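Note: the block below is protein_34.cif and it holds mmCIF, C-alpha atoms.
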data_upload
#
loop_
_atom_site.label_atom_id
_atom_site.label_comp_id
_atom_site.auth_asym_id
_atom_site.auth_seq_id
_atom_site.Cartn_x
_atom_site.Cartn_y
_atom_site.Cartn_z
CA ASP A 1 174.54 217.46 173.17
CA ALA A 2 175.15 214.34 171.17
CA GLY A 3 172.37 213.36 168.84
CA VAL A 4 171.26 209.86 167.95
CA ILE A 5 174.26 207.74 167.06
CA GLN A 6 174.09 204.86 164.60
CA SER A 7 176.69 202.39 163.51
CA PRO A 8 177.86 201.35 161.07
CA ARG A 9 177.13 204.17 158.65
CA HIS A 10 177.54 201.86 155.68
CA GLU A 11 177.31 198.09 155.47
CA VAL A 12 177.84 195.89 152.48
CA THR A 13 177.18 192.20 152.94
CA GLU A 14 176.34 189.11 150.99
CA MET A 15 172.98 187.43 150.90
CA GLY A 16 172.53 185.01 153.77
CA GLN A 17 174.82 186.84 156.17
CA GLU A 18 173.73 188.22 159.50
CA VAL A 19 173.61 192.00 159.79
CA THR A 20 173.47 193.94 163.05
CA LEU A 21 172.68 197.63 163.14
CA ARG A 22 173.28 199.63 166.30
CA CYS A 23 171.74 202.71 167.80
CA LYS A 24 172.40 204.94 170.79
CA PRO A 25 169.45 207.27 171.46
CA ILE A 26 169.69 210.77 172.86
CA SER A 27 170.37 210.57 176.57
CA GLY A 28 167.18 210.78 178.60
CA HIS A 29 164.84 209.94 175.74
CA ASP A 30 162.38 207.19 176.54
CA TYR A 31 161.15 206.27 173.07
CA LEU A 32 163.24 204.65 170.37
CA PHE A 33 162.14 203.97 166.81
CA TRP A 34 163.58 201.99 163.92
CA TYR A 35 162.62 203.08 160.39
CA ARG A 36 163.52 201.81 156.96
CA GLN A 37 163.69 204.02 153.87
CA THR A 38 163.53 202.73 150.32
CA MET A 39 162.72 204.40 147.03
CA MET A 40 159.71 202.16 146.52
CA ARG A 41 158.12 202.32 149.95
CA GLY A 42 159.45 205.55 151.42
CA LEU A 43 159.93 205.76 155.18
CA GLU A 44 158.37 202.92 157.14
CA LEU A 45 158.27 202.36 160.87
CA LEU A 46 159.59 198.92 161.74
CA ILE A 47 159.34 198.86 165.53
CA TYR A 48 159.40 201.17 168.50
CA PHE A 49 160.29 200.86 172.17
CA ASN A 50 159.18 202.71 175.27
CA ASN A 51 161.46 202.46 178.28
CA ASN A 52 163.28 199.59 176.59
CA VAL A 53 160.08 197.59 176.04
CA PRO A 54 158.91 196.85 172.47
CA ILE A 55 155.51 198.47 172.00
CA ASP A 56 154.65 197.90 168.36
CA ASP A 57 156.55 195.62 166.01
CA SER A 58 153.83 195.31 163.39
CA GLY A 59 156.08 196.96 160.84
CA MET A 60 158.80 194.33 161.07
CA PRO A 61 158.65 192.70 157.64
CA GLU A 62 159.25 189.11 158.66
CA ASP A 63 160.87 186.81 161.18
CA ARG A 64 164.30 187.47 159.73
CA PHE A 65 164.16 190.85 161.46
CA SER A 66 164.54 191.25 165.19
CA ALA A 67 165.19 194.20 167.46
CA LYS A 68 166.31 194.50 171.04
CA MET A 69 166.86 197.25 173.54
CA PRO A 70 168.80 195.81 176.48
CA ASN A 71 169.13 199.20 178.18
CA ALA A 72 168.14 202.82 177.81
CA SER A 73 171.22 203.73 175.80
CA PHE A 74 171.48 200.95 173.26
CA SER A 75 169.37 199.16 170.68
CA THR A 76 170.09 196.71 167.88
CA LEU A 77 168.27 195.73 164.74
CA LYS A 78 169.32 192.36 163.40
CA ILE A 79 168.61 190.77 160.04
CA GLN A 80 169.34 187.06 159.77
CA PRO A 81 169.64 185.89 157.06
CA SER A 82 169.87 189.01 154.95
CA GLU A 83 168.43 189.22 151.44
CA PRO A 84 169.01 191.70 148.60
CA ARG A 85 165.53 193.19 149.13
CA ASP A 86 166.63 194.29 152.59
CA SER A 87 168.91 196.86 150.96
CA ALA A 88 167.78 200.23 152.30
CA VAL A 89 168.68 203.03 154.67
CA TYR A 90 167.82 202.18 158.26
CA PHE A 91 167.18 205.03 160.63
CA CYS A 92 166.99 205.06 164.36
CA ALA A 93 165.13 207.91 166.07
CA SER A 94 164.39 208.83 169.67
CA SER A 95 161.97 211.11 171.48
CA LEU A 96 160.95 212.14 174.97
CA TRP A 97 157.36 211.68 176.09
CA GLY A 98 155.68 214.56 177.83
CA THR A 99 157.37 217.37 175.96
CA THR A 100 155.15 219.68 173.95
CA GLN A 101 156.19 218.37 170.57
CA GLU A 102 157.53 214.93 171.41
CA THR A 103 159.65 215.33 168.30
CA GLN A 104 161.48 212.32 166.96
CA TYR A 105 165.15 213.05 166.34
CA PHE A 106 166.81 210.88 163.76
CA GLY A 107 170.26 209.40 163.58
CA PRO A 108 172.36 209.63 160.42
CA GLY A 109 171.15 206.26 159.19
CA THR A 110 172.86 203.06 158.12
CA ARG A 111 173.04 202.40 154.39
CA LEU A 112 172.74 198.65 153.94
CA LEU A 113 173.53 196.92 150.68
CA VAL A 114 172.95 193.19 150.45
CA LEU A 115 174.54 191.61 147.40
CA ALA B 1 143.67 206.22 151.65
CA GLN B 2 147.04 207.83 152.21
CA LYS B 3 147.35 209.60 155.50
CA ILE B 4 149.89 212.12 154.24
CA THR B 5 149.87 213.39 150.69
CA GLN B 6 152.60 215.48 149.15
CA THR B 7 151.51 216.17 145.60
CA GLN B 8 154.70 217.82 144.36
CA PRO B 9 157.40 215.27 143.59
CA GLY B 10 159.76 218.08 142.61
CA MET B 11 159.91 221.86 142.92
CA PHE B 12 162.25 224.54 141.67
CA VAL B 13 162.73 227.92 143.28
CA GLN B 14 165.00 230.83 142.52
CA GLU B 15 167.49 231.71 145.21
CA LYS B 16 166.13 234.37 147.62
CA GLU B 17 162.53 233.66 146.60
CA ALA B 18 159.92 232.05 148.84
CA VAL B 19 158.53 228.60 148.14
CA THR B 20 155.56 226.63 149.46
CA LEU B 21 155.63 222.86 149.77
CA ASP B 22 152.22 221.25 149.99
CA CYS B 23 151.04 218.68 152.48
CA THR B 24 147.55 217.38 153.12
CA TYR B 25 146.65 214.84 155.75
CA ASP B 26 143.85 212.56 156.70
CA THR B 27 142.89 211.72 160.25
CA SER B 28 139.83 211.41 162.45
CA ASP B 29 141.88 211.83 165.61
CA PRO B 30 141.24 215.26 167.16
CA SER B 31 144.72 215.30 168.69
CA TYR B 32 147.62 215.05 166.29
CA GLY B 33 150.91 216.64 165.42
CA LEU B 34 152.36 217.59 162.08
CA PHE B 35 156.08 217.68 161.37
CA TRP B 36 158.35 218.68 158.53
CA TYR B 37 161.75 217.11 158.06
CA LYS B 38 164.52 217.97 155.62
CA GLN B 39 166.70 215.29 154.07
CA PRO B 40 169.73 216.68 152.21
CA SER B 41 171.72 214.56 149.81
CA SER B 42 173.92 213.44 152.70
CA GLY B 43 170.93 211.45 153.94
CA GLU B 44 170.23 212.58 157.47
CA MET B 45 166.70 213.52 158.55
CA ILE B 46 166.62 216.99 160.06
CA PHE B 47 163.60 218.18 162.05
CA LEU B 48 162.40 221.60 160.89
CA ILE B 49 159.07 222.55 162.38
CA TYR B 50 156.08 221.25 164.33
CA GLN B 51 152.38 222.15 164.42
CA GLY B 52 149.98 220.73 166.99
CA SER B 53 146.34 220.25 166.08
CA TYR B 54 145.23 222.51 168.92
CA ASP B 55 147.74 225.25 168.25
CA GLN B 56 146.00 228.52 167.49
CA GLN B 57 148.94 230.13 165.75
CA ASN B 58 150.82 228.92 162.72
CA ALA B 59 154.24 227.62 163.70
CA THR B 60 157.36 229.53 162.69
CA GLU B 61 161.05 228.67 163.00
CA GLY B 62 163.38 231.17 161.41
CA ARG B 63 162.86 231.07 157.65
CA TYR B 64 160.37 228.20 157.99
CA SER B 65 156.71 228.69 158.64
CA LEU B 66 153.77 226.36 158.50
CA ASN B 67 150.55 227.40 156.84
CA PHE B 68 148.12 225.31 158.88
CA GLN B 69 144.56 225.14 157.58
CA LYS B 70 142.81 222.71 159.86
CA ALA B 71 139.46 222.64 158.08
CA ARG B 72 141.20 221.82 154.81
CA LYS B 73 143.56 219.39 156.54
CA SER B 74 146.58 221.02 155.04
CA ALA B 75 149.93 221.90 156.57
CA ASN B 76 152.05 223.55 153.92
CA LEU B 77 155.66 224.46 154.59
CA VAL B 78 156.76 227.92 153.54
CA ILE B 79 160.46 228.61 153.15
CA SER B 80 161.27 232.28 152.82
CA ALA B 81 164.39 233.70 151.16
CA SER B 82 165.52 230.35 149.72
CA GLN B 83 169.19 229.50 149.92
CA LEU B 84 171.23 227.02 147.90
CA GLY B 85 171.55 224.91 151.03
CA ASP B 86 167.79 224.44 151.09
CA SER B 87 168.05 222.04 148.14
CA ALA B 88 166.91 218.74 149.62
CA MET B 89 164.00 216.34 150.02
CA TYR B 90 161.29 217.59 152.36
CA PHE B 91 158.98 215.22 154.19
CA CYS B 92 155.71 215.99 155.89
CA ALA B 93 154.76 213.62 158.71
CA MET B 94 151.87 213.17 161.12
CA ARG B 95 151.63 211.66 164.57
CA GLU B 96 148.18 210.72 165.80
CA LYS B 97 147.77 210.57 169.55
CA GLY B 98 145.40 207.67 169.49
CA GLY B 99 144.27 206.31 172.83
CA SER B 100 144.96 207.44 176.38
CA GLY B 101 148.27 207.57 178.16
CA ALA B 102 151.27 207.57 175.95
CA GLY B 103 149.11 206.98 172.91
CA SER B 104 150.41 206.04 169.53
CA TYR B 105 153.80 207.37 168.62
CA GLN B 106 153.91 206.24 165.06
CA LEU B 107 154.96 208.90 162.57
CA THR B 108 153.43 208.50 159.13
CA PHE B 109 155.46 210.12 156.38
CA GLY B 110 154.53 211.46 152.98
CA LYS B 111 156.49 210.54 149.86
CA GLY B 112 158.43 213.77 149.97
CA THR B 113 159.10 216.75 147.71
CA LYS B 114 162.49 217.33 146.14
CA LEU B 115 163.29 221.01 146.26
CA SER B 116 165.97 222.45 144.02
CA VAL B 117 167.14 226.01 144.58
CA ILE B 118 168.45 227.69 141.42
CA PRO B 119 171.19 230.29 141.78
#
As a first step, turn the structure in this file into structure tokens.
Amino acid sequence: DAGVIQSPRHEVTEMGQEVTLRCKPISGHDYLFWYRQTMMRGLELLIYFNNNVPIDDSGMPEDRFSAKMPNASFSTLKIQPSEPRDSAVYFCASSLWGTTQETQYFGPGTRLLVL
Amino acid sequence: AQKITQTQPGMFVQEKEAVTLDCTYDTSDPSYGLFWYKQPSSGEMIFLIYQGSYDQQNATEGRYSLNFQKARKSANLVISASQLGDSAMYFCAMREKGGSGAGSYQLTFGKGTKLSVIP
């Protein structure tokens, strides 16, 4: 079975540019999570969705960040405009409610560098 | 207060030896889950093992086992017979169930422990 798919794997952009990160969760999973990992702050939850509906976006750092999930198999995280402090690894994860563990399975991540 | 504490920033272990990575947690929720993930240098987050707060037995998955001491609020990961490929960052994480229904699905992660396996 395919795991969580993220694209691009690496993104280098200049300050002020729009960045769009993409995620395809594991088929059948009903929860989708976006995390950010930095050396300073570790792994932080940005937002998560249940059945395509945003449930908790309290981790989104500011209005420059937005996330959508138009259908069960696709989500985007957009940063507009990007800033150097947004440089991080962004992970998408998915899980299935009702299973014993409800484990979150992570994608490979997108390494974002904003110059 | 930190919800997940991993006190060992770095650990070394000889190949084929066992190693214990520490994790303590803080919650008042009676229903919670504890997870360990491995992050090799390639960057992906790999799920290793899970322990539920109501589980009577310590979780085991191959060479990984979880030493769960509920009263002490600790969930240490034990890796037996270390291999060179075990060199990686290891993260402990907790999910608190929170309210009714689907509850809270937020995973809170510790800062991680960097394990280096010496040949």
Between CA of Thr76 in chain A and CA of Gly107 in chain A, what is the distance, to one decimal in Å?
13.4 Å
Give me the residues near Phe68 in chain B as a PyMOL selection string, where near means some atom within 9 Å (using all atoms listed in the file) and where sequence neighbours in that chain fewer than 2 positions away do not count.
chain B and resi 51+53+57-59+66+70+72-77
Those same residues, written as an mmCIF file, keeping the file's coordinate frame with C-alpha atoms?
data_model
loop_
_atom_site.group_PDB
_atom_site.id
_atom_site.type_symbol
_atom_site.label_atom_id
_atom_site.label_comp_id
_atom_site.auth_asym_id
_atom_site.auth_seq_id
_atom_site.Cartn_x
_atom_site.Cartn_y
_atom_site.Cartn_z
ATOM 1 C CA GLN B 51 152.380 222.150 164.420
ATOM 2 C CA SER B 53 146.340 220.250 166.080
ATOM 3 C CA GLN B 57 148.940 230.130 165.750
ATOM 4 C CA ASN B 58 150.820 228.920 162.720
ATOM 5 C CA ALA B 59 154.240 227.620 163.700
ATOM 6 C CA LEU B 66 153.770 226.360 158.500
ATOM 7 C CA LYS B 70 142.810 222.710 159.860
ATOM 8 C CA ARG B 72 141.200 221.820 154.810
ATOM 9 C CA LYS B 73 143.560 219.390 156.540
ATOM 10 C CA SER B 74 146.580 221.020 155.040
ATOM 11 C CA ALA B 75 149.930 221.900 156.570
ATOM 12 C CA ASN B 76 152.050 223.550 153.920
ATOM 13 C CA LEU B 77 155.660 224.460 154.590
#
Could you tell me which residues of chain A sit within 12 Å of chain B when counting all atoms listed in the file, and give me the result as a ChimeraX atom specification?
/A:3-6,9-10,30-51,55-59,88-111
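Between CA of Tyr54 in chain B and CA of Thr113 in chain B the separation is 26.0 Å.
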State, in Å with one decimal place, the distance from CA of Glu15 in chain B to CA of Leu84 in chain B.
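Separation between CA of Glu15 in chain B and CA of Leu84 in chain B: 6.6 Å.
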Your completed range 45-64 of chain B with N, CA, C and O atoms, as a compact mmCIF listing (two decimals), in the coordinates of the input:
# COMPACT_ATOMS: atom_id res chain seq x y z
N MET B 45 168.05 212.94 158.43
CA MET B 45 166.70 213.52 158.55
C MET B 45 166.76 214.62 159.60
O MET B 45 167.04 214.36 160.77
N ILE B 46 166.48 215.84 159.18
CA ILE B 46 166.62 216.99 160.06
C ILE B 46 165.23 217.56 160.37
O ILE B 46 164.49 217.93 159.45
N PHE B 47 164.88 217.62 161.64
CA PHE B 47 163.60 218.18 162.05
C PHE B 47 163.59 219.69 161.81
O PHE B 47 164.54 220.40 162.15
N LEU B 48 162.50 220.18 161.20
CA LEU B 48 162.40 221.60 160.89
C LEU B 48 161.38 222.32 161.74
O LEU B 48 161.67 223.37 162.33
N ILE B 49 160.15 221.79 161.80
CA ILE B 49 159.07 222.55 162.38
C ILE B 49 157.93 221.63 162.76
O ILE B 49 157.75 220.55 162.16
N TYR B 50 157.18 222.05 163.79
CA TYR B 50 156.08 221.25 164.33
C TYR B 50 154.82 222.12 164.47
O TYR B 50 154.92 223.30 164.84
N GLN B 51 153.68 221.49 164.20
CA GLN B 51 152.38 222.15 164.42
C GLN B 51 151.46 221.17 165.14
O GLN B 51 151.24 220.06 164.64
N GLY B 52 150.94 221.56 166.29
CA GLY B 52 149.98 220.73 166.99
C GLY B 52 148.57 221.05 166.53
O GLY B 52 148.26 222.19 166.16
N SER B 53 147.70 220.06 166.60
CA SER B 53 146.34 220.25 166.08
C SER B 53 145.55 221.29 166.87
O SER B 53 144.61 221.88 166.35
N TYR B 54 145.95 221.53 168.11
CA TYR B 54 145.23 222.51 168.92
C TYR B 54 145.90 223.87 168.96
O TYR B 54 145.43 224.79 169.61
N ASP B 55 147.03 223.97 168.26
CA ASP B 55 147.74 225.25 168.25
C ASP B 55 146.92 226.29 167.49
O ASP B 55 146.47 226.04 166.37
N GLN B 56 146.79 227.45 168.11
CA GLN B 56 146.00 228.52 167.49
C GLN B 56 146.78 229.28 166.44
O GLN B 56 146.23 229.79 165.47
N GLN B 57 148.09 229.37 166.66
CA GLN B 57 148.94 230.13 165.75
C GLN B 57 149.68 229.18 164.82
O GLN B 57 150.02 228.07 165.19
N ASN B 58 149.96 229.68 163.62
CA ASN B 58 150.82 228.92 162.72
C ASN B 58 152.24 228.90 163.28
O ASN B 58 152.74 229.92 163.77
N ALA B 59 152.89 227.76 163.18
CA ALA B 59 154.24 227.62 163.70
C ALA B 59 155.24 228.35 162.80
O ALA B 59 155.08 228.41 161.58
N THR B 60 156.26 228.91 163.43
CA THR B 60 157.36 229.53 162.69
C THR B 60 158.68 229.15 163.36
O THR B 60 158.74 229.04 164.58
N GLU B 61 159.69 228.95 162.52
CA GLU B 61 161.05 228.67 163.00
C GLU B 61 162.01 229.29 162.01
O GLU B 61 162.31 228.73 160.97
N GLY B 62 162.47 230.50 162.32
CA GLY B 62 163.38 231.17 161.41
C GLY B 62 162.75 231.41 160.06
O GLY B 62 161.70 232.04 159.94
N ARG B 63 163.38 230.88 159.01
CA ARG B 63 162.86 231.07 157.65
C ARG B 63 161.73 230.09 157.31
O ARG B 63 161.16 230.16 156.22
N TYR B 64 161.43 229.19 158.23
CA TYR B 64 160.37 228.20 157.99
C TYR B 64 159.09 228.62 158.70
O TYR B 64 159.12 229.04 159.86
